[in-house]
Each structure stands twice: as structure tokens, then as C-alpha cells.
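Enquirer: Pasting my_file_34.cif here (mmCIF, C-alpha atoms):
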```cif
data_coords
#
loop_
_atom_site.label_atom_id
_atom_site.label_comp_id
_atom_site.auth_asym_id
_atom_site.auth_seq_id
_atom_site.Cartn_x
_atom_site.Cartn_y
_atom_site.Cartn_z
CA ASN A 1 -106.28 -30.65 -9.69
CA THR A 2 -106.24 -28.42 -6.66
CA ARG A 3 -103.25 -27.54 -4.59
CA PRO A 4 -103.08 -25.83 -1.17
CA ILE A 5 -101.98 -22.22 -1.33
CA ASP A 6 -99.84 -20.71 1.40
CA ARG A 7 -101.14 -17.33 2.53
CA ASP A 8 -99.68 -14.87 5.01
CA ALA A 9 -101.70 -12.83 7.48
CA SER A 10 -102.00 -9.87 5.12
CA THR A 11 -103.55 -11.78 2.19
CA ILE A 12 -107.16 -11.20 1.19
CA ASP A 13 -108.94 -14.57 0.95
CA ALA A 14 -112.22 -13.29 -0.53
CA MET A 15 -111.81 -10.57 -3.11
CA PRO A 16 -114.46 -7.86 -2.56
CA THR A 17 -116.12 -5.95 -5.36
CA VAL A 18 -115.96 -2.17 -5.68
CA ASP A 19 -119.54 -1.90 -4.44
CA GLU A 20 -118.72 -4.03 -1.40
CA ALA A 21 -115.63 -1.92 -0.68
CA ARG A 22 -117.76 1.23 -0.99
CA ALA A 23 -120.29 -0.18 1.49
CA HIS A 24 -117.56 -1.09 4.00
CA CYS A 25 -116.03 2.39 3.73
CA ALA A 26 -119.40 4.09 4.25
CA ALA A 27 -120.14 1.98 7.34
CA ILE A 28 -116.74 2.06 9.05
CA LEU A 29 -115.61 5.56 8.02
CA ALA A 30 -118.96 7.25 8.66
CA GLY A 31 -118.36 10.99 8.91
CA LEU A 32 -116.14 11.38 5.86
CA ASP A 33 -117.62 13.33 2.96
CA ASP A 34 -118.92 11.43 -0.07
CA ASP A 35 -116.04 12.45 -2.35
CA THR A 36 -113.42 11.19 0.11
CA LEU A 37 -115.32 7.94 0.66
CA GLU A 38 -115.51 7.39 -3.09
CA TYR A 39 -111.77 8.06 -3.41
CA VAL A 40 -110.91 5.67 -0.57
CA ALA A 41 -113.19 2.94 -1.93
CA GLY A 42 -111.25 2.96 -5.19
CA ALA A 43 -107.82 3.40 -3.63
CA VAL A 44 -107.98 0.37 -1.33
CA PHE A 45 -107.45 -1.91 -4.34
CA ASP A 46 -103.94 -2.86 -5.31
CA ASP A 47 -105.36 -4.02 -8.64
CA GLU A 48 -109.01 -3.05 -9.12
CA ASP A 49 -109.44 -5.21 -12.24
CA ALA A 50 -108.17 -8.28 -10.43
CA GLY A 51 -110.01 -7.33 -7.22
CA THR A 52 -106.87 -7.53 -5.08
CA VAL A 53 -106.71 -5.26 -2.04
CA LEU A 54 -103.68 -3.47 -0.62
CA PRO A 55 -101.71 -5.30 2.09
CA GLU A 56 -102.80 -4.33 5.58
CA ASP A 57 -99.74 -2.18 6.41
CA ASP A 58 -99.99 -0.27 3.12
CA LEU A 59 -103.71 0.34 3.55
CA VAL A 60 -103.21 1.59 7.13
CA ASP A 61 -100.35 3.93 6.11
CA PHE A 62 -102.46 5.29 3.23
CA LEU A 63 -105.64 5.79 5.25
CA VAL A 64 -104.43 7.11 8.63
CA PRO A 65 -103.57 10.69 7.44
CA MET A 66 -107.01 11.01 5.85
CA LEU A 67 -108.73 10.13 9.14
CA ASP A 68 -106.92 12.77 11.23
CA GLU A 69 -109.87 15.16 11.38
CA LEU A 70 -112.46 12.40 11.69
CA CYS A 71 -110.61 10.99 14.72
CA ASP A 72 -109.78 14.43 16.24
CA GLY A 73 -106.04 13.90 15.77
CA ASP A 74 -106.04 10.53 17.59
CA GLU A 75 -103.63 8.45 15.49
CA ASP A 76 -104.38 5.25 17.42
CA ALA A 77 -108.10 5.65 16.71
CA ALA A 78 -107.36 6.32 13.04
CA ARG A 79 -105.19 3.21 12.81
CA GLY A 80 -107.94 1.22 14.51
CA LYS A 81 -110.50 2.27 11.90
CA ALA A 82 -108.06 1.55 9.08
CA LYS A 83 -107.40 -1.94 10.43
CA GLN A 84 -111.13 -2.49 10.91
CA LEU A 85 -111.70 -1.60 7.26
CA TRP A 86 -108.95 -3.98 6.13
CA ALA A 87 -110.45 -6.76 8.27
CA ALA A 88 -113.87 -6.15 6.70
CA LEU A 89 -112.40 -6.33 3.21
CA ALA A 90 -110.44 -9.45 4.15
CA SER A 91 -113.47 -11.23 5.58
CA GLY A 92 -115.48 -10.86 2.39
CA SER A 93 -118.63 -10.44 4.48
CA ASP A 94 -121.63 -8.57 3.14
CA ALA A 95 -121.51 -5.92 5.83
CA ALA A 96 -118.86 -4.17 7.86
CA PRO A 97 -118.16 -5.70 11.27
CA LYS A 98 -120.30 -4.21 13.92
CA GLU A 99 -119.07 -3.21 17.32
CA THR A 100 -120.39 -5.46 20.03
CA LYS A 101 -121.34 -4.00 23.33
CA PRO A 102 -121.43 -6.03 26.50
CA GLU A 103 -124.95 -6.55 27.72
CA ASP A 104 -125.95 -4.64 30.80
CA VAL A 105 -125.64 -6.74 33.92
CA ARG A 106 -128.16 -5.70 36.47
CA ARG A 107 -127.87 -6.93 39.98
CA ALA A 108 -130.91 -7.68 42.02
CA PRO A 109 -131.21 -5.70 45.25
CA ILE A 110 -129.93 -7.53 48.30
CA SER A 111 -132.35 -7.85 51.17
CA LEU A 112 -131.14 -8.69 54.64
CA GLY A 113 -134.57 -9.36 55.94
CA LYS A 114 -137.90 -7.72 56.62
CA GLY A 115 -139.21 -6.11 59.67
CA PRO A 116 -139.72 -2.77 61.38
CA THR A 117 -136.84 -0.26 61.40
CA THR A 118 -135.53 0.60 64.83
CA ALA A 119 -134.66 4.13 65.92
CA LEU A 120 -130.95 3.30 65.83
CA GLU A 121 -131.23 1.88 62.29
CA ALA A 122 -133.15 4.95 61.13
CA LYS A 123 -130.44 7.22 62.56
CA VAL A 124 -127.69 5.26 60.81
CA LEU A 125 -129.58 5.41 57.51
CA ARG A 126 -130.01 9.20 57.82
CA GLU A 127 -126.30 9.70 58.54
CA GLN A 128 -125.36 7.52 55.57
CA GLU A 129 -127.65 9.51 53.27
CA GLU A 130 -126.20 12.83 54.43
CA LEU A 131 -122.68 11.47 53.92
CA ARG A 132 -123.52 10.35 50.39
CA LYS A 133 -124.93 13.76 49.53
CA GLY A 134 -121.75 15.41 50.79
CA VAL A 135 -119.32 13.35 48.72
CA ALA A 136 -121.42 12.30 45.73
CA ALA A 137 -120.26 13.42 42.29
CA VAL A 138 -122.18 16.13 40.52
CA GLU A 139 -124.89 14.64 38.36
CA ILE A 140 -124.60 15.67 34.71
CA VAL A 141 -127.98 16.14 33.09
CA TYR A 142 -128.14 16.48 29.31
CA ASP A 143 -130.78 18.66 27.81
CA ARG A 144 -132.46 16.46 25.22
CA SER A 145 -135.27 18.90 24.55
CA VAL A 146 -135.92 19.68 20.91
CA GLY A 147 -136.07 23.31 19.80
CA ASP A 148 -138.10 24.95 17.09
CA ASP A 149 -135.53 23.97 14.49
CA GLY A 150 -135.92 20.29 15.34
CA GLU A 151 -132.41 20.04 16.83
CA SER A 152 -131.78 19.01 20.42
CA ALA A 153 -129.68 21.11 22.77
CA ALA A 154 -127.17 18.27 23.07
CA ALA A 155 -126.83 18.09 19.30
CA ARG A 156 -126.27 21.84 19.14
CA LYS A 157 -123.56 21.60 21.77
CA ASP A 158 -121.90 18.78 19.87
CA ALA A 159 -121.99 20.89 16.71
CA GLU A 160 -120.54 23.86 18.56
CA ARG A 161 -117.71 21.74 19.96
CA LEU A 162 -116.98 20.34 16.50
CA ALA A 163 -116.99 23.84 15.00
CA ALA A 164 -114.65 25.08 17.72
CA ARG A 165 -112.32 22.13 17.11
CA GLN A 166 -112.28 22.77 13.36
CA ALA A 167 -111.65 26.48 13.91
CA TYR A 168 -108.75 25.69 16.22
CA LEU A 169 -107.21 23.30 13.69
CA ALA A 170 -107.65 25.86 10.91
CA ASN A 171 -106.03 28.60 12.98
CA GLU A 172 -103.17 26.32 13.99
CA ALA A 173 -102.58 25.32 10.36
CA ALA A 174 -102.60 29.00 9.32
CA ARG A 175 -100.15 29.87 12.10
CA GLN A 176 -97.74 27.09 11.12
CA SER A 177 -98.03 28.04 7.45
CA ALA A 178 -97.26 31.71 8.19
CA GLU A 179 -94.32 30.71 10.39
CA LEU A 180 -92.84 28.51 7.68
CA ALA A 181 -93.42 31.21 5.02
CA ALA A 182 -91.48 33.67 7.19
CA GLU A 183 -88.61 31.18 7.54
CA LEU A 184 -88.54 30.64 3.76
CA GLU A 185 -88.37 34.40 3.18
CA GLU A 186 -85.63 34.82 5.77
CA ALA A 187 -83.61 32.03 4.11
CA ARG A 188 -83.92 33.80 0.73
CA VAL A 189 -82.80 37.11 2.25
CA VAL A 190 -79.79 35.55 3.99
CA ALA A 191 -78.67 33.83 0.77
CA ALA A 192 -79.08 37.06 -1.25
CA ARG A 193 -77.09 39.09 1.27
CA SER A 194 -74.31 36.50 1.17
CA ARG A 195 -74.10 36.82 -2.60
CA LEU A 196 -74.18 40.64 -2.53
CA SER A 197 -71.47 40.84 0.10
CA GLY A 198 -69.28 38.25 -1.59
CA GLU A 199 -69.39 36.04 1.50
CA ALA A 200 -71.09 33.12 -0.24
CA SER A 201 -69.03 29.99 0.32
CA GLY A 202 -68.62 26.79 -1.62
CA SER A 203 -68.31 25.99 -5.29
CA ARG A 204 -71.27 25.95 -7.63
CA LEU A 205 -69.76 22.89 -9.29
CA ALA A 206 -69.42 20.87 -6.09
CA ALA A 207 -72.01 18.30 -5.04
CA ILE A 208 -74.29 19.28 -2.14
CA GLU A 209 -74.38 16.69 0.63
CA LEU A 210 -77.27 16.87 3.11
CA GLY A 211 -78.00 14.81 6.21
CA PRO A 212 -78.40 12.61 7.98
CA PHE A 213 -81.56 14.23 9.34
CA GLN A 214 -85.05 13.47 10.59
CA LEU A 215 -88.18 14.91 8.94
CA PRO A 216 -90.79 15.60 11.64
CA ASN A 217 -94.51 15.31 10.99
CA PRO A 218 -96.05 18.84 11.08
CA GLY A 219 -99.29 17.34 12.37
CA GLY A 220 -97.56 15.47 15.18
CA GLY A 221 -96.87 11.78 15.58
CA ALA A 222 -94.00 9.73 14.25
CA ASP A 223 -91.36 11.30 11.98
CA LEU A 224 -92.16 11.15 8.28
CA ILE A 225 -88.55 10.27 7.39
CA GLU A 226 -85.79 8.95 9.63
CA ASN A 227 -82.00 9.03 9.21
CA ALA A 228 -82.27 10.55 5.72
CA SER A 229 -79.41 11.85 3.59
CA MET A 230 -79.03 12.98 -0.01
CA ILE A 231 -76.42 14.15 -2.49
CA LEU A 232 -77.37 16.72 -5.15
CA VAL A 233 -74.99 16.82 -8.12
CA PRO A 234 -74.90 19.92 -10.39
CA GLY A 235 -76.43 19.32 -13.80
CA HIS A 236 -78.84 16.65 -12.58
CA ARG A 237 -82.59 16.80 -12.02
CA TYR A 238 -84.26 14.92 -9.20
CA GLY A 239 -87.86 13.94 -8.49
CA LEU A 240 -89.65 12.85 -5.33
CA ILE A 241 -92.17 10.04 -5.79
CA GLY A 242 -94.53 8.83 -3.09
CA ARG A 243 -98.12 8.61 -1.95
CA ASN A 244 -100.03 11.52 -0.49
CA GLY A 245 -99.08 12.33 3.07
CA LYS A 246 -95.64 10.72 2.89
CA GLY A 247 -93.78 14.05 3.26
CA LYS A 248 -92.72 15.12 -0.26
CA SER A 249 -93.88 18.75 0.01
CA THR A 250 -92.84 18.94 3.66
CA LEU A 251 -89.32 17.75 2.78
CA LEU A 252 -88.89 20.43 0.09
CA LYS A 253 -90.21 23.21 2.33
CA PHE A 254 -88.08 22.14 5.29
CA LEU A 255 -84.95 21.93 3.13
CA ALA A 256 -85.57 25.37 1.59
CA SER A 257 -86.24 26.96 4.99
CA ARG A 258 -83.17 25.23 6.48
CA ARG A 259 -85.22 23.43 9.12
CA VAL A 260 -83.50 20.17 8.18
CA GLY A 261 -80.52 19.04 6.14
CA ASN A 262 -77.97 21.71 7.21
CA LEU A 263 -78.00 23.28 3.74
CA ASP A 264 -75.44 26.09 3.34
CA PRO A 265 -77.25 29.38 4.18
CA SER A 266 -75.58 31.07 1.20
CA ALA A 267 -77.02 28.52 -1.25
CA SER A 268 -79.77 29.97 -3.43
CA VAL A 269 -83.00 27.96 -3.33
CA HIS A 270 -86.00 28.83 -5.49
CA TYR A 271 -89.02 27.21 -3.86
CA VAL A 272 -92.34 27.25 -5.76
CA SER A 273 -95.16 26.79 -3.29
CA GLN A 274 -98.34 24.87 -4.08
CA GLU A 275 -100.31 27.69 -2.46
CA LEU A 276 -99.76 31.44 -2.63
CA HIS A 277 -99.71 33.23 0.72
CA LEU A 278 -99.94 37.03 0.43
CA THR A 279 -100.06 39.76 3.04
CA PRO A 280 -103.03 42.19 3.05
CA GLU A 281 -100.72 44.76 1.44
CA GLN A 282 -99.64 42.37 -1.32
CA GLU A 283 -103.28 41.50 -2.06
CA GLU A 284 -103.64 45.08 -3.36
CA TRP A 285 -100.60 44.88 -5.66
CA ARG A 286 -100.76 44.36 -9.39
CA PRO A 287 -99.29 41.08 -10.75
CA ALA A 288 -96.17 42.73 -12.23
CA ALA A 289 -95.35 44.32 -8.87
CA LEU A 290 -95.48 40.90 -7.20
CA VAL A 291 -93.10 39.48 -9.82
CA VAL A 292 -90.64 42.36 -9.26
CA GLU A 293 -90.84 41.79 -5.49
CA ALA A 294 -89.55 38.25 -5.99
CA ASP A 295 -86.12 39.67 -6.96
CA VAL A 296 -84.67 39.61 -3.44
CA GLU A 297 -81.26 41.08 -4.39
CA ARG A 298 -82.87 44.09 -6.11
CA ARG A 299 -85.17 44.61 -3.13
CA LEU A 300 -82.27 44.55 -0.65
CA LEU A 301 -80.14 46.92 -2.73
CA LEU A 302 -82.99 49.43 -3.12
CA ALA A 303 -83.66 49.37 0.62
CA GLU A 304 -79.97 49.91 1.40
CA SER A 305 -79.73 52.70 -1.20
CA ALA A 306 -82.72 54.49 0.37
CA GLU A 307 -81.20 54.12 3.83
CA LEU A 308 -77.85 55.56 2.72
CA ALA A 309 -79.60 58.41 0.91
CA ALA A 310 -81.60 59.26 4.02
CA LYS A 311 -78.40 59.39 6.08
CA ALA A 312 -76.76 61.67 3.52
CA GLU A 313 -79.63 64.15 3.75
CA ALA A 314 -79.43 64.37 7.52
CA LYS A 315 -77.83 67.45 9.01
CA GLU A 316 -74.29 67.27 10.37
CA TYR A 317 -73.76 63.91 8.65
CA ALA A 318 -70.21 63.23 7.51
CA PRO A 319 -69.97 59.87 5.74
CA GLY A 320 -66.77 57.92 6.24
CA ALA A 321 -64.70 56.47 3.44
CA GLY A 322 -66.22 53.04 3.96
CA GLU A 323 -69.81 54.30 3.82
CA GLU A 324 -69.16 56.36 0.70
CA LYS A 325 -67.57 53.36 -1.02
CA ARG A 326 -70.56 51.21 -0.03
CA ARG A 327 -72.98 53.79 -1.45
CA LEU A 328 -71.14 53.77 -4.77
CA ASP A 329 -71.05 49.95 -4.79
CA VAL A 330 -74.80 49.77 -4.18
CA GLU A 331 -75.57 52.28 -6.93
CA ASP A 332 -73.28 50.42 -9.34
CA ALA A 333 -74.96 47.10 -8.53
CA LEU A 334 -78.41 48.61 -9.19
CA ILE A 335 -77.21 49.94 -12.54
CA GLN A 336 -75.64 46.62 -13.49
CA MET A 337 -78.90 44.74 -12.87
CA ASP A 338 -80.98 47.49 -14.53
CA ALA A 339 -83.15 47.83 -11.42
CA ALA A 340 -85.16 50.67 -12.97
CA GLY A 341 -86.18 48.48 -15.91
CA ALA A 342 -87.43 45.60 -13.74
CA PRO A 343 -91.16 46.59 -13.85
CA GLY A 344 -91.11 46.66 -17.65
CA ARG A 345 -89.35 43.30 -17.84
CA ALA A 346 -91.88 41.80 -15.41
CA SER A 347 -94.81 42.99 -17.54
CA ALA A 348 -93.18 41.61 -20.70
CA LEU A 349 -92.55 38.28 -18.97
CA LEU A 350 -96.21 37.98 -17.91
CA HIS A 351 -97.35 38.92 -21.41
CA ASN A 352 -95.12 36.25 -22.98
CA LEU A 353 -96.57 33.68 -20.60
CA GLY A 354 -100.08 34.46 -21.89
CA PHE A 355 -101.19 36.73 -19.05
CA PRO A 356 -104.08 38.88 -20.42
CA GLU A 357 -103.62 42.66 -20.38
CA ALA A 358 -106.97 43.08 -18.62
CA LEU A 359 -105.78 40.99 -15.67
CA MET A 360 -102.52 42.93 -15.32
CA ASP A 361 -104.48 45.97 -14.13
CA ARG A 362 -106.36 44.05 -11.45
CA PRO A 363 -105.18 43.68 -7.83
CA MET A 364 -104.08 40.22 -6.75
CA ARG A 365 -107.15 39.79 -4.56
CA ALA A 366 -109.37 40.01 -7.69
CA LEU A 367 -107.62 37.13 -9.47
CA SER A 368 -108.79 33.54 -9.39
CA GLY A 369 -106.65 30.80 -7.91
CA GLY A 370 -105.09 29.71 -11.20
CA TRP A 371 -103.97 33.20 -12.22
CA ARG A 372 -102.67 33.88 -8.72
#
```
Mind turning the file's structure into C-alpha cells?

Expert:
Amino acid sequence: NTRPIDRDASTIDAMPTVDEARAHCAAILAGLDDDTLEYVAGAVFDDEDAGTVLPEDDLVDFLVPMLDELCDGDEDAARGKAKQLWAALASGSDAAPKETKPEDVRRAPISLGKGPTTALEAKVLREQEELRKGVAAVEIVYDRSVGDDGESAAARKDAERLAARQAYLANEAARQSAELAAELEEARVVAARSRLSGEASGSRLAAIELGPFQLPNPGGGADLIENASMILVPGHRYGLIGRNGKGKSTLLKFLASRRVGNLDPSASVHYVSQELHLTPEQEEWRPAALVVEADVERRLLLAESAELAAKAEAKEYAPGAGEEKRRLDVEDALIQMDAAGAPGRASALLHNLGFPEALMDRPMRALSGGWR
């Protein structure tokens, strides 16, 4: 017996195979590299064994961030391609839908009659031609000539524009990354100074309440998260779960840098980045030196101690009671934390983590990504 089945607009009527999905992706998302196409072709299935495809909204949300570069940052164009892919998968056709172009409509010239042209008509025609030349738009002529390398001038210009666009996006991403790294470092310094000065507020046993706040999209477009809030209770561990591009890493970075959430500046946040960003100077450091540098409180105390020592050596310098007390407090804090023994402890820590002795003598720039 057969029964009618109710389907909504987002249901796939004909279940495509993996090969069919791969063909649709290659046709509609032409321009993506092979690895990305292969990944997308497998990810469009909600259940690959059953052949069921993601609902339209889920597929669009998953695919749009991956098409940002292909569509030159045009989110509407990216959504259009994503919807086109879903429609192709839903149709169950053997080929992706092709764009239809309206046929050229050519109009036949209009003739008002034949006969000799009078002097007055000839004058009017000349004046009209001169007027057209004066106001006509500049004609754009594309150089379609092929060079020795077999590439046309137009193709070279297209490649140059694409390269310039990619370079701009890379530079913009590097600028934003450096800006955020500076904010993260400043947040660490502010929290360390609050602890050293005794001005840190709040109880370590109290829950931390954040929000409500919006999480903007670094690449532009709609916010990644809206009207968000969270409560962090001491003694608990929390995890963020979500698909790629949904804002998990961005949320952690923005919270740690205090861009969102209104987290207490004196709260200590240890943020482990997915990528290591080093200055040219740090690239020449040895690994143990980089570990020691991560101790912000030690770094601040050493800098303040050097500053106070330089003042004391200056001629005609008479330290006040407050400055002398501060100098003694700084020296006592350095002794309490065994600041002088930090390099040795850093080397022992790296050794216990399995860091080879041979790599400890190399500068950071000479280490591979994993060891960095």
C-alpha cells in the first residue's frame, strides 16, 4: 500500500548520490580548489549513508563563509550560489542548472523612405553626428591579442586584478590579526598590573556574569551572535560546540581582549591561540626565552625595577619615601617569585614536555609549525 507523504519546501525529493553531489559542486562552485570541492560534496549530506541532504537553511549557512573569496566578499552572491546548489541537489537532475540568458533582440533599421538627400537634410545629419561625438561615452576596447605565453592581455589583467584583491584581503587579515593580538596583550598587562598593585576587584569564588552582548562578524555582514549572555561558575569546565565559521574562536578572542562581554579588566585570562604570531625580534629568540616572556607579572616587575634603578643612578636624584618603599616592594616580589630562576624552570618545563635539546638551541624562526 502506498500513502501520500507530506513534504515541506526544504525536503529533498530525489536523493542524490555522492558522485552526483560532487558533479553539482564542481559545476556551480567552479573556482574552488579540488580539496574544498571534495569537502563540500561530502558535507552537504545530513546522512551520507541514507543519501539525505542538509535542509536548505543549514546548507546555506554552512556554505556561505566558504564562498567569501570566490564571490569577492559579496554575501548575497554567495547565498545565491549556495541556494542554487541546494536546488540542484533537490531536483535530482543529472546536471547542475544552467543559467539562461535572454536571446539577443535585434531591431531592424527603420527606413522613412528613399530618395536624394537635400542640402538641409545633409546639414542636419552633420550636426547630429558632431553632437553625438561630443557627448558619446568613451568606447572601451579590450585587448584580446595573445602573447608569446599563450595568454591574452585581458586574461593577464584579470589575473592581476585577482592577485591585487587577494593581496588586499591578506593584508587586511594580517592587520586585523595584529590589532587583536595587541589588544590581547594589553588586556594581559592590565590584569597583571591590577594583581601586582592589589587593585584587583571581585572574588575568585564568585560566578562571572557576561552580557548581554553582540558578537560582530570580523569579515563583515550580520553579527555572528546576537543578545548573548553567559555565566561562568568557578570549578566548572565549559566547551563551545558548533560548525566552522559560527564564531567559536572569535568569541573566545573577543572575550579575552575585552571587545565584548564587559569582563572585569582585573580578571586573568589565559588565551591559547590557534596560530602563533611573533614579532621579528621574537623570531630570533630561543624557545625557553619565549616561555619566560609569557610571565607578564615577572616582565612588568623587571621593567619597573630597571626603571627605578636607572633613576637611582642619576645625579642629584633624591628618592622620596614612597619611591623607596616601592623599590623594596618590587625587589621583594621578584625574590618571592624567584625571577632569576625562571629561565631554568622554562627549560625544565620544555624538557618534561618532550622538547628535544637540539631544538632548544634553535631560534623560533627555524622551528616547524608544530614545535612553534

Enquirer: Identify all residues satisfying the PyMOL selection byres ((chain A and resi 31) around 12) in the given file; provide them as a tab-separated table (two decimals) with C-alpha atoms, keeping the file's coordinate frame.

Expert:
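Ended up saving to selection-v4.tsv:
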```tsv
chain	number	residue	atom	x	y	z
A	25	CYS	CA	-116.03	2.39	3.73
A	26	ALA	CA	-119.40	4.09	4.25
A	27	ALA	CA	-120.14	1.98	7.34
A	28	ILE	CA	-116.74	2.06	9.05
A	29	LEU	CA	-115.61	5.56	8.02
A	30	ALA	CA	-118.96	7.25	8.66
A	32	LEU	CA	-116.14	11.38	5.86
A	33	ASP	CA	-117.62	13.33	2.96
A	34	ASP	CA	-118.92	11.43	-0.07
A	35	ASP	CA	-116.04	12.45	-2.35
A	36	THR	CA	-113.42	11.19	0.11
A	37	LEU	CA	-115.32	7.94	0.66
A	66	MET	CA	-107.01	11.01	5.85
A	67	LEU	CA	-108.73	10.13	9.14
A	68	ASP	CA	-106.92	12.77	11.23
A	69	GLU	CA	-109.87	15.16	11.38
A	70	LEU	CA	-112.46	12.40	11.69
A	71	CYS	CA	-110.61	10.99	14.72
A	72	ASP	CA	-109.78	14.43	16.24
```

Enquirer: Skipping near chain neighbours, those fewer than 3 positions away, what residues fall within 6 Å of Leu184 in chain A using all atoms listed in the file, listed as a list in words?

Expert: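 Those residues are Ala181, Ala187 and Ser257 of chain A.
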
Enquirer: Report as JSON lines: every residue of range 173-237 of chain A with an atom at most 12 Å from range 329-336 of chain A, its closest pair of atoms, and their distance in Å to one decimal, counting only C-alpha atoms, with rows sorted by chain and ascending residue number.

Expert:
```
{"residue": "A:Arg195", "atom": "CA", "partner": "A:Ala333", "partner_atom": "CA", "distance": 11.9}
{"residue": "A:Leu196", "atom": "CA", "partner": "A:Ala333", "partner_atom": "CA", "distance": 8.9}
{"residue": "A:Ser197", "atom": "CA", "partner": "A:Asp329", "partner_atom": "CA", "distance": 10.3}
```

Enquirer: Would you give me, as CSV, each residue of range 195-217 of chain A having an atom within 8 Å of an atom of range 224-236 of chain A, along with its shortest atom pair and that distance in Å to one decimal, using only C-alpha atoms and sorting by chain and residue number?

Expert:
```
residue,atom,partner,partner_atom,distance
A:Arg204,CA,A:Pro234,CA,7.6
A:Leu205,CA,A:Pro234,CA,6.0
A:Ala206,CA,A:Pro234,CA,7.0
A:Ala207,CA,A:Val233,CA,4.5
A:Ile208,CA,A:Leu232,CA,5.0
A:Glu209,CA,A:Ile231,CA,4.5
A:Leu210,CA,A:Met230,CA,5.3
A:Gly211,CA,A:Ser229,CA,4.2
A:Pro212,CA,A:Ser229,CA,4.6
A:Phe213,CA,A:Ala228,CA,5.2
A:Gln214,CA,A:Glu226,CA,4.7
A:Leu215,CA,A:Ile225,CA,4.9
A:Pro216,CA,A:Leu224,CA,5.7
A:Asn217,CA,A:Leu224,CA,5.5
```

Enquirer: Using only C-alpha atoms, which residues sit within 12 Å of Asp61 in chain A once same-chain residues fewer than 4 positions away are excluded, as a PyMOL selection string?

Expert: chain A and resi 44+54-57+65-67+75+78-83+86+222+224+242-246

Enquirer: Just how far from CA of Ala170 in chain A is CA of Pro218 in chain A, in Å to one decimal?

Expert: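 About the pair CA of Pro218 in chain A and CA of Ala170 in chain A: they are 13.6 Å apart.
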
Enquirer: Write out, as JSON lines, each residue of range 214-319 of chain A that has an atom at most 7 Å from range 337-359 of chain A, together with the closest pair of atoms and their distance in Å to one decimal, counting only C-alpha atoms, rows going by chain and rising number.

Expert:
```
{"residue": "A:Ala288", "atom": "CA", "partner": "A:Ala346", "partner_atom": "CA", "distance": 5.4}
{"residue": "A:Ala289", "atom": "CA", "partner": "A:Pro343", "partner_atom": "CA", "distance": 6.9}
{"residue": "A:Val291", "atom": "CA", "partner": "A:Ala346", "partner_atom": "CA", "distance": 6.2}
{"residue": "A:Val292", "atom": "CA", "partner": "A:Pro343", "partner_atom": "CA", "distance": 6.3}
{"residue": "A:Arg298", "atom": "CA", "partner": "A:Ala339", "partner_atom": "CA", "distance": 6.5}
```

Enquirer: Just write the chosen residues, C-alpha atoms, as a JSON list (two decimals), keeping the file's coordinate frame.

Expert:
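Heads up, here's the output in selection_18.json:
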```json
[["chain", "number", "residue", "atom", "x", "y", "z"],
["A", 288, "ALA", "CA", -96.17, 42.73, -12.23],
["A", 289, "ALA", "CA", -95.35, 44.32, -8.87],
["A", 291, "VAL", "CA", -93.10, 39.48, -9.82],
["A", 292, "VAL", "CA", -90.64, 42.36, -9.26],
["A", 298, "ARG", "CA", -82.87, 44.09, -6.11]]
```

Enquirer: In Å, rounded to a single decimal, give me how far CA of Leu85 in chain A is from CA of Val64 in chain A.

Expert: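 So the two atoms, CA of Val64 in chain A and CA of Leu85 in chain A, lie 11.4 Å apart.
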
Enquirer: Identify which of the residues A:Val60, A:Ala303, A:Ala182, A:Ala200 lies closest to Arg258 in chain A, counting all atoms listed in the file when measuring atom-to-atom distances.

Expert: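 Checking each candidate against Arg258 in chain A, we get A:Ala182 as the closest.
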
Enquirer: Interatomic distance between CA of His277 in chain A and CA of Leu240 in chain A?

Expert: 23.5 Å

Enquirer: Give as a VMD selection string the residues that the PyMOL selection byres ((chain A and resi 267) around 10) matches when applied to the coordinates above.

Expert: chain A and resid 187 to 188 190 to 192 194 to 195 200 to 204 208 256 263 to 266 268 to 270

Enquirer: Since fewer atoms than expected are present, regenerate N, CA and C atoms for range 334-347 of chain A and write them as a PDB file, in the frame of the given file.

Expert:
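Generated output (out32.pdb):
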```pdb
ATOM      1  N   LEU A 334     -77.058  48.351  -8.681  1.00  0.00           N
ATOM      2  CA  LEU A 334     -78.410  48.610  -9.190  1.00  0.00           C
ATOM      3  C   LEU A 334     -78.377  48.927 -10.687  1.00  0.00           C
ATOM      4  N   ILE A 335     -77.337  49.627 -11.115  1.00  0.00           N
ATOM      5  CA  ILE A 335     -77.210  49.940 -12.540  1.00  0.00           C
ATOM      6  C   ILE A 335     -76.912  48.680 -13.335  1.00  0.00           C
ATOM      7  N   GLN A 336     -76.022  47.840 -12.798  1.00  0.00           N
ATOM      8  CA  GLN A 336     -75.640  46.620 -13.490  1.00  0.00           C
ATOM      9  C   GLN A 336     -76.845  45.688 -13.705  1.00  0.00           C
ATOM     10  N   MET A 337     -77.742  45.623 -12.735  1.00  0.00           N
ATOM     11  CA  MET A 337     -78.900  44.740 -12.870  1.00  0.00           C
ATOM     12  C   MET A 337     -80.089  45.441 -13.524  1.00  0.00           C
ATOM     13  N   ASP A 338     -79.894  46.721 -13.915  1.00  0.00           N
ATOM     14  CA  ASP A 338     -80.980  47.490 -14.530  1.00  0.00           C
ATOM     15  C   ASP A 338     -82.220  47.449 -13.640  1.00  0.00           C
ATOM     16  N   ALA A 339     -82.053  47.871 -12.384  1.00  0.00           N
ATOM     17  CA  ALA A 339     -83.150  47.830 -11.420  1.00  0.00           C
ATOM     18  C   ALA A 339     -84.334  48.665 -11.867  1.00  0.00           C
ATOM     19  N   ALA A 340     -84.063  49.798 -12.529  1.00  0.00           N
ATOM     20  CA  ALA A 340     -85.160  50.670 -12.970  1.00  0.00           C
ATOM     21  C   ALA A 340     -86.004  50.027 -14.049  1.00  0.00           C
ATOM     22  N   GLY A 341     -85.428  49.125 -14.834  1.00  0.00           N
ATOM     23  CA  GLY A 341     -86.180  48.480 -15.910  1.00  0.00           C
ATOM     24  C   GLY A 341     -86.890  47.212 -15.501  1.00  0.00           C
ATOM     25  N   ALA A 342     -86.818  46.849 -14.202  1.00  0.00           N
ATOM     26  CA  ALA A 342     -87.430  45.600 -13.740  1.00  0.00           C
ATOM     27  C   ALA A 342     -88.947  45.572 -13.941  1.00  0.00           C
ATOM     28  N   PRO A 343     -89.707  46.642 -13.634  1.00  0.00           N
ATOM     29  CA  PRO A 343     -91.160  46.590 -13.850  1.00  0.00           C
ATOM     30  C   PRO A 343     -91.532  46.301 -15.302  1.00  0.00           C
ATOM     31  N   GLY A 344     -90.820  46.920 -16.236  1.00  0.00           N
ATOM     32  CA  GLY A 344     -91.110  46.660 -17.650  1.00  0.00           C
ATOM     33  C   GLY A 344     -90.809  45.229 -18.037  1.00  0.00           C
ATOM     34  N   ARG A 345     -89.694  44.694 -17.528  1.00  0.00           N
ATOM     35  CA  ARG A 345     -89.350  43.300 -17.840  1.00  0.00           C
ATOM     36  C   ARG A 345     -90.374  42.340 -17.239  1.00  0.00           C
ATOM     37  N   ALA A 346     -90.877  42.668 -16.048  1.00  0.00           N
ATOM     38  CA  ALA A 346     -91.880  41.800 -15.410  1.00  0.00           C
ATOM     39  C   ALA A 346     -93.171  41.778 -16.229  1.00  0.00           C
ATOM     40  N   SER A 347     -93.599  42.939 -16.717  1.00  0.00           N
ATOM     41  CA  SER A 347     -94.810  42.990 -17.540  1.00  0.00           C
ATOM     42  C   SER A 347     -94.628  42.214 -18.833  1.00  0.00           C
TER      43      SER A 347
END
```
